[in-house]
>>> print(open('upload.txt').read())   # compact mmCIF, C-alpha atoms (C1' of nucleotides)
# COMPACT_ATOMS: atom_id res chain seq x y z
CA MET Y 362 37.41 -9.60 89.40
CA ALA Y 363 37.01 -6.72 91.81
CA LYS Y 364 35.47 -3.62 90.34
CA ARG Y 365 37.92 -0.78 90.08
CA GLU Y 366 37.10 1.94 92.52
CA PRO Y 367 36.16 5.26 90.99
CA PRO Y 368 38.67 8.12 90.97
CA ARG Y 369 38.56 11.01 93.39
CA PRO Y 370 35.91 13.46 92.23
CA THR Y 371 36.91 16.89 90.97
CA ASN Y 372 35.36 20.00 92.45
CA ALA Y 373 32.46 20.29 90.06
CA GLU Y 374 31.82 16.58 90.36
CA LEU Y 375 31.82 16.83 94.13
CA GLU Y 376 29.13 19.48 94.08
CA ILE Y 377 26.93 17.17 92.05
CA LEU Y 378 27.66 14.26 94.35
CA ARG Y 379 26.63 16.34 97.33
CA VAL Y 380 23.28 16.96 95.71
CA LEU Y 381 22.87 13.25 95.01
CA TRP Y 382 23.84 12.30 98.56
CA GLN Y 383 21.29 14.73 99.87
CA ARG Y 384 18.42 14.07 97.47
CA GLY Y 385 19.04 10.50 96.43
CA ARG Y 386 18.08 9.41 92.88
CA SER Y 387 17.69 12.53 90.75
CA THR Y 388 17.28 13.65 87.19
CA VAL Y 389 19.55 16.19 85.54
CA ARG Y 390 16.87 18.81 85.92
CA GLU Y 391 16.47 18.16 89.62
CA ILE Y 392 20.21 18.32 90.16
CA HIS Y 393 20.48 21.47 88.11
CA GLU Y 394 17.80 23.14 90.18
CA SER Y 395 19.32 22.01 93.46
CA LEU Y 396 22.71 23.42 92.53
CA ARG Y 397 22.53 26.96 93.76
CA ARG Y 398 26.02 28.20 93.18
CA ALA Y 399 27.61 31.62 93.37
CA GLU Y 400 28.25 31.24 89.66
CA PRO Y 401 25.16 29.63 88.15
CA VAL Y 402 25.87 26.86 85.73
CA GLY Y 403 24.05 25.88 82.57
CA TYR Y 404 21.81 22.87 82.25
CA THR Y 405 23.92 21.19 79.62
CA THR Y 406 26.99 21.67 81.76
CA VAL Y 407 25.42 19.56 84.48
CA LEU Y 408 24.34 17.04 81.89
CA LYS Y 409 27.83 16.80 80.44
CA LEU Y 410 29.35 16.39 83.87
CA LEU Y 411 26.96 13.59 84.68
CA GLN Y 412 27.84 11.84 81.44
CA ILE Y 413 31.52 12.07 82.32
CA MET Y 414 30.82 10.93 85.87
CA THR Y 415 28.95 7.94 84.50
CA GLU Y 416 32.00 6.99 82.45
CA LYS Y 417 34.20 7.37 85.51
CA ARG Y 418 31.72 5.30 87.51
CA LEU Y 419 31.16 8.04 90.05
CA VAL Y 420 27.44 7.73 89.41
CA THR Y 421 25.13 5.12 87.96
CA ARG Y 422 22.44 5.92 85.45
CA ASP Y 423 18.98 4.53 84.97
CA VAL Y 424 18.09 4.96 81.34
CA SER Y 425 14.69 3.32 81.33
CA ALA Y 426 12.77 6.58 81.31
CA ARG Y 427 13.23 9.46 78.91
CA SER Y 428 14.75 11.54 81.68
CA HIS Y 429 17.67 9.51 82.91
CA VAL Y 430 17.93 9.08 86.67
CA TYR Y 431 21.29 9.29 88.38
CA THR Y 432 22.52 7.87 91.69
CA ALA Y 433 25.81 8.34 93.50
CA ALA Y 434 27.83 5.18 93.05
CA THR Y 435 29.65 5.60 96.35
CA SER Y 436 28.16 6.53 99.70
CA GLN Y 437 29.13 9.83 101.21
CA ALA Y 438 30.82 8.14 104.16
CA THR Y 439 32.95 5.95 101.93
CA MET Y 440 33.92 8.80 99.66
CA LEU Y 441 34.83 10.98 102.63
CA ARG Y 442 37.02 8.26 104.06
CA ARG Y 443 38.72 7.89 100.71
CA MET Y 444 39.31 11.60 100.28
CA ILE Y 445 40.64 12.02 103.78
CA SER Y 446 43.06 9.15 103.40
CA ASP Y 447 44.07 10.58 100.05
CA LEU Y 448 44.79 13.94 101.62
CA ALA Y 449 46.75 12.34 104.43
CA ARG Y 450 48.94 10.50 101.95
CA ARG Y 451 49.44 13.39 99.56
CA ALA Y 452 50.04 16.08 102.11
CA PHE Y 453 52.43 14.32 104.39
CA GLY Y 454 52.67 10.67 103.55
CA GLY Y 455 50.79 9.83 106.70
CA SER Y 456 47.82 7.92 107.94
CA THR Y 457 44.31 9.15 108.51
CA VAL Y 458 44.93 9.07 112.22
CA SER Y 459 47.98 11.30 111.90
CA LEU Y 460 45.88 13.70 109.93
CA VAL Y 461 43.25 13.73 112.62
CA LEU Y 462 45.90 14.51 115.19
CA HIS Y 463 47.27 17.36 113.09
CA ALA Y 464 43.80 18.73 112.56
CA LEU Y 465 42.84 18.55 116.20
CA ALA Y 466 46.11 19.98 117.41
CA THR Y 467 45.74 23.27 115.58
CA THR Y 468 41.98 23.77 115.42
CA PRO Y 469 39.89 25.42 118.09
CA VAL Y 470 37.41 22.91 119.46
CA THR Y 471 34.56 23.67 121.85
CA SER Y 472 34.06 21.61 125.00
CA ARG Y 473 30.87 20.26 123.53
CA GLU Y 474 32.74 19.02 120.49
CA LEU Y 475 35.44 17.56 122.70
CA ASP Y 476 32.78 15.53 124.44
CA ARG Y 477 31.39 14.25 121.16
CA ILE Y 478 34.81 13.12 120.06
CA ARG Y 479 35.44 11.43 123.37
CA GLY Y 480 32.13 9.66 123.10
CA LEU Y 481 33.06 8.36 119.68
CA LEU Y 482 36.42 7.19 120.94
CA ASP Y 483 34.77 5.30 123.76
CA GLU Y 484 32.46 3.54 121.32
CA LYS Y 485 35.43 2.56 119.21
CA LYS Y 486 37.24 1.13 122.20
CA GLY Y 487 34.23 -1.02 122.90
CA GLY Y 488 34.05 -2.40 119.39
CA LYS Y 489 37.73 -2.53 118.55
CA ALA Y 490 39.52 -5.56 117.14
CA MET U 770 46.92 45.46 104.30
CA ALA U 771 46.92 41.77 105.10
CA LYS U 772 48.90 39.62 102.72
CA ARG U 773 46.73 37.43 100.61
CA GLU U 774 47.12 33.84 101.60
CA PRO U 775 48.54 31.57 98.94
CA PRO U 776 46.23 29.21 97.06
CA ARG U 777 45.96 25.52 97.83
CA PRO U 778 48.92 23.72 96.27
CA THR U 779 48.41 21.34 93.38
CA ASN U 780 49.76 17.82 93.55
CA ALA U 781 53.15 18.49 92.03
CA GLU U 782 53.49 21.60 94.15
CA LEU U 783 52.66 19.64 97.26
CA GLU U 784 55.43 17.17 96.58
CA ILE U 785 57.90 20.01 96.40
CA LEU U 786 56.53 21.57 99.56
CA ARG U 787 56.97 18.31 101.37
CA VAL U 788 60.64 18.31 100.45
CA LEU U 789 60.99 21.89 101.66
CA TRP U 790 59.21 21.15 104.92
CA GLN U 791 61.52 18.25 105.50
CA ARG U 792 64.81 19.77 104.37
CA GLY U 793 64.26 23.45 105.00
CA ARG U 794 65.92 25.99 102.68
CA SER U 795 66.95 24.20 99.50
CA THR U 796 68.21 24.82 96.00
CA VAL U 797 66.50 23.46 92.92
CA ARG U 798 69.17 20.80 92.64
CA GLU U 799 68.68 19.65 96.20
CA ILE U 800 64.94 19.48 95.75
CA HIS U 801 65.29 17.65 92.48
CA GLU U 802 67.54 15.06 94.09
CA SER U 803 65.24 14.64 97.09
CA LEU U 804 62.23 14.02 94.88
CA ARG U 805 62.28 10.30 94.33
CA ARG U 806 59.11 9.66 92.47
CA ALA U 807 57.72 6.63 90.71
CA GLU U 808 57.93 8.71 87.54
CA PRO U 809 61.19 10.64 87.68
CA VAL U 810 60.89 14.26 86.74
CA GLY U 811 63.32 16.50 84.89
CA TYR U 812 65.42 19.19 86.51
CA THR U 813 63.86 22.02 84.56
CA THR U 814 60.42 20.78 85.48
CA VAL U 815 61.22 21.30 89.14
CA LEU U 816 62.72 24.67 88.34
CA LYS U 817 59.65 25.77 86.43
CA LEU U 818 57.35 24.62 89.20
CA LEU U 819 59.35 26.59 91.73
CA GLN U 820 59.12 29.68 89.55
CA ILE U 821 55.37 29.28 89.38
CA MET U 822 55.17 28.62 93.10
CA THR U 823 57.13 31.78 93.73
CA GLU U 824 54.59 33.76 91.74
CA LYS U 825 51.78 32.13 93.69
CA ARG U 826 53.62 32.88 96.92
CA LEU U 827 53.74 29.27 97.94
CA VAL U 828 57.51 29.61 98.39
CA THR U 829 59.92 32.46 98.86
CA ARG U 830 63.14 32.75 96.93
CA ASP U 831 66.54 34.01 97.96
CA VAL U 832 68.26 35.25 94.82
CA SER U 833 71.47 36.53 96.37
CA ALA U 834 73.54 33.54 95.29
CA ARG U 835 73.79 32.14 91.81
CA SER U 836 71.80 29.10 92.86
CA HIS U 837 68.57 30.47 94.18
CA VAL U 838 67.44 29.14 97.53
CA TYR U 839 63.80 28.35 98.16
CA THR U 840 61.79 28.17 101.37
CA ALA U 841 58.21 27.09 101.98
CA ALA U 842 56.17 30.23 102.59
CA THR U 843 53.69 28.43 104.81
CA SER U 844 54.44 25.97 107.59
CA GLN U 845 53.34 22.42 107.15
CA ALA U 846 50.96 22.66 110.10
CA THR U 847 49.26 25.75 108.74
CA MET U 848 48.97 24.31 105.27
CA LEU U 849 47.55 21.08 106.61
CA ARG U 850 44.97 22.95 108.62
CA ARG U 851 44.01 24.89 105.53
CA MET U 852 43.74 21.84 103.33
CA ILE U 853 41.70 19.93 105.86
CA SER U 854 39.29 22.78 106.34
CA ASP U 855 39.09 23.11 102.57
CA LEU U 856 38.22 19.45 102.22
CA ALA U 857 35.61 19.69 104.97
CA ARG U 858 33.92 22.58 103.22
CA ARG U 859 34.11 21.14 99.71
CA ALA U 860 33.12 17.61 100.53
CA PHE U 861 30.19 18.26 102.81
CA GLY U 862 29.98 21.87 103.72
CA GLY U 863 31.07 21.08 107.23
CA SER U 864 33.61 22.04 109.82
CA THR U 865 36.98 20.52 110.48
CA VAL U 866 35.61 18.91 113.60
CA SER U 867 32.81 17.23 111.65
CA LEU U 868 35.40 15.90 109.27
CA VAL U 869 37.41 14.52 112.16
CA LEU U 870 34.33 12.79 113.46
CA HIS U 871 33.59 11.29 110.06
CA ALA U 872 37.15 10.14 109.70
CA LEU U 873 37.33 8.58 113.11
CA ALA U 874 33.96 6.93 112.82
CA THR U 875 34.87 4.84 109.81
CA THR U 876 38.59 4.27 110.23
CA PRO U 877 40.16 1.47 112.20
CA VAL U 878 42.19 2.92 115.05
CA THR U 879 44.52 1.00 117.34
CA SER U 880 44.28 1.34 121.12
CA ARG U 881 47.63 3.06 121.13
CA GLU U 882 46.35 5.66 118.68
CA LEU U 883 43.19 6.08 120.72
CA ASP U 884 45.36 6.93 123.69
CA ARG U 885 47.31 9.52 121.73
CA ILE U 886 44.13 11.19 120.61
CA ARG U 887 42.76 11.21 124.15
CA GLY U 888 46.00 12.75 125.37
CA LEU U 889 45.68 15.50 122.83
CA LEU U 890 42.07 16.15 123.77
CA ASP U 891 43.06 16.44 127.43
CA GLU U 892 45.71 19.01 126.57
CA LYS U 893 43.19 21.00 124.62
CA LYS U 894 40.75 20.95 127.48
CA GLY U 895 43.48 22.37 129.71
CA GLY U 896 44.30 25.21 127.36
CA LYS U 897 40.89 25.91 125.94
CA ALA U 898 39.33 29.34 125.69
C1' DT R 1451 90.61 31.88 75.99
C1' DT R 1452 88.14 28.06 75.30
C1' DG R 1453 85.12 24.41 76.58
C1' DA R 1454 82.53 21.74 79.91
C1' DC R 1455 79.48 22.39 83.53
C1' DT R 1456 75.78 24.37 86.05
C1' DG R 1457 72.45 27.72 86.64
C1' DT R 1458 67.89 30.52 85.33
C1' DA R 1459 64.26 31.96 82.01
C1' DC R 1460 60.77 30.91 79.15
C1' DG R 1461 57.87 29.11 75.25
C1' DA R 1462 55.06 25.57 74.13
C1' DA R 1463 52.93 20.98 73.97
C1' DA R 1464 49.81 17.59 76.00
C1' DG R 1465 46.30 16.50 79.07
C1' DC R 1466 42.47 17.31 82.09
C1' DC R 1467 38.48 20.19 83.86
C1' DT R 1468 34.71 23.02 83.06
C1' DT R 1469 31.79 25.37 80.30
C1' DC R 1470 28.56 26.01 76.75
C1' DG R 1471 26.49 25.98 71.96
C1' DT R 1472 24.38 23.33 68.64
C1' DA R 1473 22.31 19.20 66.69
C1' DT R 1474 18.87 15.98 67.11
C1' DA R 1475 15.07 13.17 69.16
C1' DT R 1476 10.88 12.79 71.91
C1' DT R 1477 6.73 14.48 74.10
C1' DG R 1478 2.67 17.07 74.56
C1' DT R 1479 -0.57 20.75 73.11
C1' DT R 1480 -3.34 23.20 69.95
C1' DA Q 1222 0.05 18.22 61.54
C1' DA Q 1223 2.72 21.63 63.39
C1' DC Q 1224 4.91 23.91 67.09
C1' DA Q 1225 6.89 24.57 71.64
C1' DA Q 1226 9.07 22.43 75.35
C1' DT Q 1227 12.26 19.26 77.05
C1' DA Q 1228 15.53 15.53 76.66
C1' DT Q 1229 20.34 13.55 75.40
C1' DA Q 1230 24.71 13.66 72.74
C1' DC Q 1231 28.69 15.70 71.54
C1' DG Q 1232 32.29 18.94 69.71
C1' DA Q 1233 35.10 22.41 70.99
C1' DA Q 1234 36.92 26.47 73.42
C1' DG Q 1235 39.45 28.34 77.38
C1' DG Q 1236 41.94 27.68 81.44
C1' DC Q 1237 45.05 25.38 84.46
C1' DT Q 1238 48.74 21.77 85.44
C1' DT Q 1239 52.67 19.41 84.31
C1' DT Q 1240 56.24 18.45 81.45
C1' DC Q 1241 60.25 19.37 78.83
C1' DG Q 1242 63.35 21.49 75.20
C1' DT Q 1243 66.04 25.23 74.11
C1' DA Q 1244 68.30 29.59 74.81
C1' DC Q 1245 71.40 31.99 77.23
C1' DA Q 1246 74.52 33.56 81.26
C1' DG Q 1247 78.00 32.73 84.79
C1' DT Q 1248 81.92 29.67 86.75
C1' DC Q 1249 85.93 27.07 86.70
C1' DA Q 1250 89.82 24.42 85.15
C1' DA Q 1251 93.29 23.43 81.66
>>> encode(input="upload.txt", output="structure tokens")
Amino acid sequence: MAKREPPRPTNAELEILRVLWQRGRSTVREIHESLRRAEPVGYTTVLKLLQIMTEKRLVTRDVSARSHVYTAATSQATMLRRMISDLARRAFGGSTVSLVLHALATTPVTSRELDRIRGLLDEKKGGKA
Amino acid sequence: MAKREPPRPTNAELEILRVLWQRGRSTVREIHESLRRAEPVGYTTVLKLLQIMTEKRLVTRDVSARSHVYTAATSQATMLRRMISDLARRAFGGSTVSLVLHALATTPVTSRELDRIRGLLDEKKGGKA
DNA sequence: TTGACTGTACGAAAGCCTTCGTATATTGTT
DNA sequence: AACAATATACGAAGGCTTTCGTACAGTCAA
């Protein structure tokens, strides 16, 4: 019934997803040109990755034109949530909230950032279940 | 001069690190027995991983006894901080704080957890630079 | 001393990730 | 029509991760 959710993206896949999240629907050529990496990567490498990502359902592909058009199958927010929860589980068997606490506890945070976080917390309190 | 910091641990390595963080100094046998995985893993697999992790400087090894004794080279808190910052950079080129905001924004959080986070923020405000 | 037990070392297989080269088809220009 | 440019498909190499089998050394009890 329910569609299987796609696997966590690998590093190279993540770089492509970032381009798609930023640009929206893109062709291989557009993605290839947007990818400015320390180590440049060949056109067919990007193509191959996109073919694999299509199989894994990380992206969807519109084949109606000669140049296929790719779209990220999962929104950036959803994928981030998934990856964070994945990290929390793998790294210490904990919840996302625990991970947030760990991260905050040992990271320098400016007052401005503190305020932003507080603001977010207040919103959540308002809308909580 | 400065020691190179060890690389991010792979999945199997992370499972071993979690045992070491929990138990402290341990022999291969102790680690092997503590690792209760869905798929059980052989003794020599754990041994081999620890040898590799020693090379990578993820663990240190005390060879003075016949059964070598291993210790995590990096504290859990430090490693978590590293992995979180790594994820933030890889997944959206952002800071740890941005990642925290993303995570909080889309994750259900209980009132009790909200209070814990607020408490932590207050402490940070007190001790901030 | 001999044999069972427990330990480390290490080679190698299997699988995945990433990369690219090459084959082939389509489009557009002269 | 012929050629250059541009597209997809795909095989395969090289590297890393994970797994285990096997070899070999030290320990201990009978």
>>> interface_residues(input="upload.txt", of="chain Q", to="chain Y", cutoff="10 Å", atoms="all atoms listed in the file", output="list of chain:residue names")
Q:DT1227, Q:DA1228, Q:DT1229, Q:DA1230, Q:DC1231
>>> closest_residue(input="upload.txt", among="Y:Arg398, Y:Ser425, Y:Thr432, Y:Asn372", to="chain U", atoms="all atoms listed in the file")
Y:Asn372
>>> interface_residues(input="upload.txt", of="chain Y", to="chain R", cutoff="9 Å", atoms="only C-alpha atoms (C1' of nucleotides)", output="list in words")
Thr371, Ala373, Val402, Gly403, Thr405, Thr406, Leu410 and Arg427 of chain Y
>>> closest_atom_pairs(input="upload.txt", of="chain Y", to="chain U", cutoff="6 Å", atoms="all atoms listed in the file", output="tab-separated table")
residue	atom	partner	partner_atom	distance
Y:Arg442	CA	U:Ala872	CA	5.9
Y:Val461	CA	U:Val869	CA	5.9
Y:Ala464	CA	U:Arg850	CA	5.9
>>> atom_distance(input="upload.txt", atom1="CA of Lys417 (chain Y)", atom2="CA of Arg386 (chain Y)")
17.8 Å
>>> calpha_fit_and_write(input="upload.txt", fixed="chain U", moving="chain Y", output="CSV table (one decimal) with C-alpha atoms, in the coordinates of the input")
chain,number,residue,atom,x,y,z
Y,362,MET,CA,46.9,45.5,104.2
Y,363,ALA,CA,46.9,41.9,105.0
Y,364,LYS,CA,48.9,39.7,102.7
Y,365,ARG,CA,46.7,37.4,100.6
Y,366,GLU,CA,47.1,33.9,101.6
Y,367,PRO,CA,48.6,31.6,99.0
Y,368,PRO,CA,46.3,29.2,97.1
Y,369,ARG,CA,46.0,25.5,97.9
Y,370,PRO,CA,49.0,23.7,96.3
Y,371,THR,CA,48.4,21.3,93.4
Y,372,ASN,CA,49.8,17.8,93.6
Y,373,ALA,CA,53.2,18.5,92.1
Y,374,GLU,CA,53.5,21.6,94.2
Y,375,LEU,CA,52.7,19.6,97.3
Y,376,GLU,CA,55.5,17.2,96.6
Y,377,ILE,CA,58.0,20.0,96.4
Y,378,LEU,CA,56.6,21.6,99.6
Y,379,ARG,CA,57.1,18.3,101.4
Y,380,VAL,CA,60.7,18.3,100.4
Y,381,LEU,CA,61.1,21.9,101.6
Y,382,TRP,CA,59.3,21.2,104.9
Y,383,GLN,CA,61.6,18.3,105.5
Y,384,ARG,CA,64.9,19.8,104.3
Y,385,GLY,CA,64.4,23.5,104.9
Y,386,ARG,CA,66.0,26.0,102.6
Y,387,SER,CA,67.0,24.2,99.4
Y,388,THR,CA,68.2,24.9,95.9
Y,389,VAL,CA,66.5,23.5,92.8
Y,390,ARG,CA,69.2,20.8,92.5
Y,391,GLU,CA,68.7,19.7,96.1
Y,392,ILE,CA,65.0,19.5,95.7
Y,393,HIS,CA,65.3,17.7,92.4
Y,394,GLU,CA,67.6,15.1,94.0
Y,395,SER,CA,65.3,14.7,97.0
Y,396,LEU,CA,62.3,14.0,94.8
Y,397,ARG,CA,62.4,10.3,94.3
Y,398,ARG,CA,59.2,9.7,92.5
Y,399,ALA,CA,57.8,6.7,90.7
Y,400,GLU,CA,57.9,8.7,87.6
Y,401,PRO,CA,61.2,10.7,87.7
Y,402,VAL,CA,60.9,14.3,86.7
Y,403,GLY,CA,63.3,16.5,84.8
Y,404,TYR,CA,65.4,19.2,86.4
Y,405,THR,CA,63.8,22.0,84.5
Y,406,THR,CA,60.4,20.8,85.5
Y,407,VAL,CA,61.2,21.3,89.1
Y,408,LEU,CA,62.7,24.7,88.3
Y,409,LYS,CA,59.6,25.7,86.4
Y,410,LEU,CA,57.3,24.6,89.2
Y,411,LEU,CA,59.3,26.6,91.7
Y,412,GLN,CA,59.1,29.7,89.5
Y,413,ILE,CA,55.3,29.3,89.4
Y,414,MET,CA,55.2,28.6,93.1
Y,415,THR,CA,57.1,31.8,93.7
Y,416,GLU,CA,54.6,33.7,91.7
Y,417,LYS,CA,51.8,32.1,93.7
Y,418,ARG,CA,53.6,32.9,96.9
Y,419,LEU,CA,53.8,29.3,98.0
Y,420,VAL,CA,57.5,29.6,98.4
Y,421,THR,CA,60.0,32.5,98.8
Y,422,ARG,CA,63.2,32.8,96.9
Y,423,ASP,CA,66.6,34.0,97.8
Y,424,VAL,CA,68.3,35.3,94.7
Y,425,SER,CA,71.5,36.6,96.2
Y,426,ALA,CA,73.5,33.6,95.1
Y,427,ARG,CA,73.8,32.2,91.6
Y,428,SER,CA,71.8,29.1,92.7
Y,429,HIS,CA,68.6,30.5,94.1
Y,430,VAL,CA,67.5,29.2,97.4
Y,431,TYR,CA,63.8,28.4,98.1
Y,432,THR,CA,61.8,28.2,101.3
Y,433,ALA,CA,58.3,27.1,102.0
Y,434,ALA,CA,56.2,30.2,102.6
Y,435,THR,CA,53.8,28.4,104.8
Y,436,SER,CA,54.5,26.0,107.6
Y,437,GLN,CA,53.4,22.4,107.2
Y,438,ALA,CA,51.1,22.7,110.1
Y,439,THR,CA,49.4,25.7,108.8
Y,440,MET,CA,49.1,24.3,105.3
Y,441,LEU,CA,47.6,21.1,106.7
Y,442,ARG,CA,45.1,22.9,108.7
Y,443,ARG,CA,44.1,24.9,105.6
Y,444,MET,CA,43.8,21.8,103.4
Y,445,ILE,CA,41.8,19.9,105.9
Y,446,SER,CA,39.4,22.8,106.4
Y,447,ASP,CA,39.2,23.1,102.6
Y,448,LEU,CA,38.3,19.5,102.3
Y,449,ALA,CA,35.7,19.7,105.0
Y,450,ARG,CA,34.0,22.6,103.3
Y,451,ARG,CA,34.2,21.1,99.8
Y,452,ALA,CA,33.2,17.6,100.6
Y,453,PHE,CA,30.3,18.3,102.8
Y,454,GLY,CA,30.0,21.9,103.8
Y,455,GLY,CA,31.1,21.1,107.3
Y,456,SER,CA,33.7,22.0,109.8
Y,457,THR,CA,37.0,20.5,110.5
Y,458,VAL,CA,35.6,18.9,113.6
Y,459,SER,CA,32.8,17.2,111.7
Y,460,LEU,CA,35.4,15.9,109.3
Y,461,VAL,CA,37.4,14.5,112.2
Y,462,LEU,CA,34.3,12.8,113.5
Y,463,HIS,CA,33.6,11.3,110.0
Y,464,ALA,CA,37.2,10.1,109.7
Y,465,LEU,CA,37.3,8.6,113.1
Y,466,ALA,CA,33.9,6.9,112.8
Y,467,THR,CA,34.8,4.8,109.8
Y,468,THR,CA,38.6,4.2,110.2
Y,469,PRO,CA,40.1,1.4,112.2
Y,470,VAL,CA,42.1,2.9,115.1
Y,471,THR,CA,44.4,1.0,117.4
Y,472,SER,CA,44.1,1.3,121.2
Y,473,ARG,CA,47.5,3.0,121.2
Y,474,GLU,CA,46.2,5.6,118.8
Y,475,LEU,CA,43.1,6.0,120.8
Y,476,ASP,CA,45.2,6.9,123.8
Y,477,ARG,CA,47.2,9.4,121.8
Y,478,ILE,CA,44.0,11.1,120.7
Y,479,ARG,CA,42.6,11.2,124.2
Y,480,GLY,CA,45.8,12.7,125.5
Y,481,LEU,CA,45.5,15.4,122.9
Y,482,LEU,CA,41.9,16.1,123.8
Y,483,ASP,CA,42.8,16.4,127.5
Y,484,GLU,CA,45.5,18.9,126.7
Y,485,LYS,CA,43.0,20.9,124.7
Y,486,LYS,CA,40.6,20.9,127.5
Y,487,GLY,CA,43.2,22.3,129.8
Y,488,GLY,CA,44.1,25.2,127.4
Y,489,LYS,CA,40.7,25.9,126.0
Y,490,ALA,CA,39.1,29.3,125.8
>>> axis_aligned_box(input="upload.txt", around="region 1227-1246 of chain Q", padding_each_side="4 Å", output="lines of an AutoDock Vina configuration file")
center_x = 43.4
center_y = 23.6
center_z = 77.6
size_x = 70.3
size_y = 28.0
size_z = 23.7
>>> atom_distance(input="upload.txt", atom1="C1' of DA1244 (chain Q)", atom2="CA of Thr829 (chain U)")
25.6 Å
>>> atom_distance(input="upload.txt", atom1="CA of Ile785 (chain U)", atom2="C1' of DT1238 (chain Q)")
14.4 Å
>>> residues_around(input="upload.txt", residues="Arg418 (chain Y)", least_positions_apart="2", cutoff="10 Å", atoms="only C-alpha atoms (C1' of nucleotides)", output="VMD selection string")
chain Y and resid 365 to 368 411 to 416 420 to 422 433 to 435
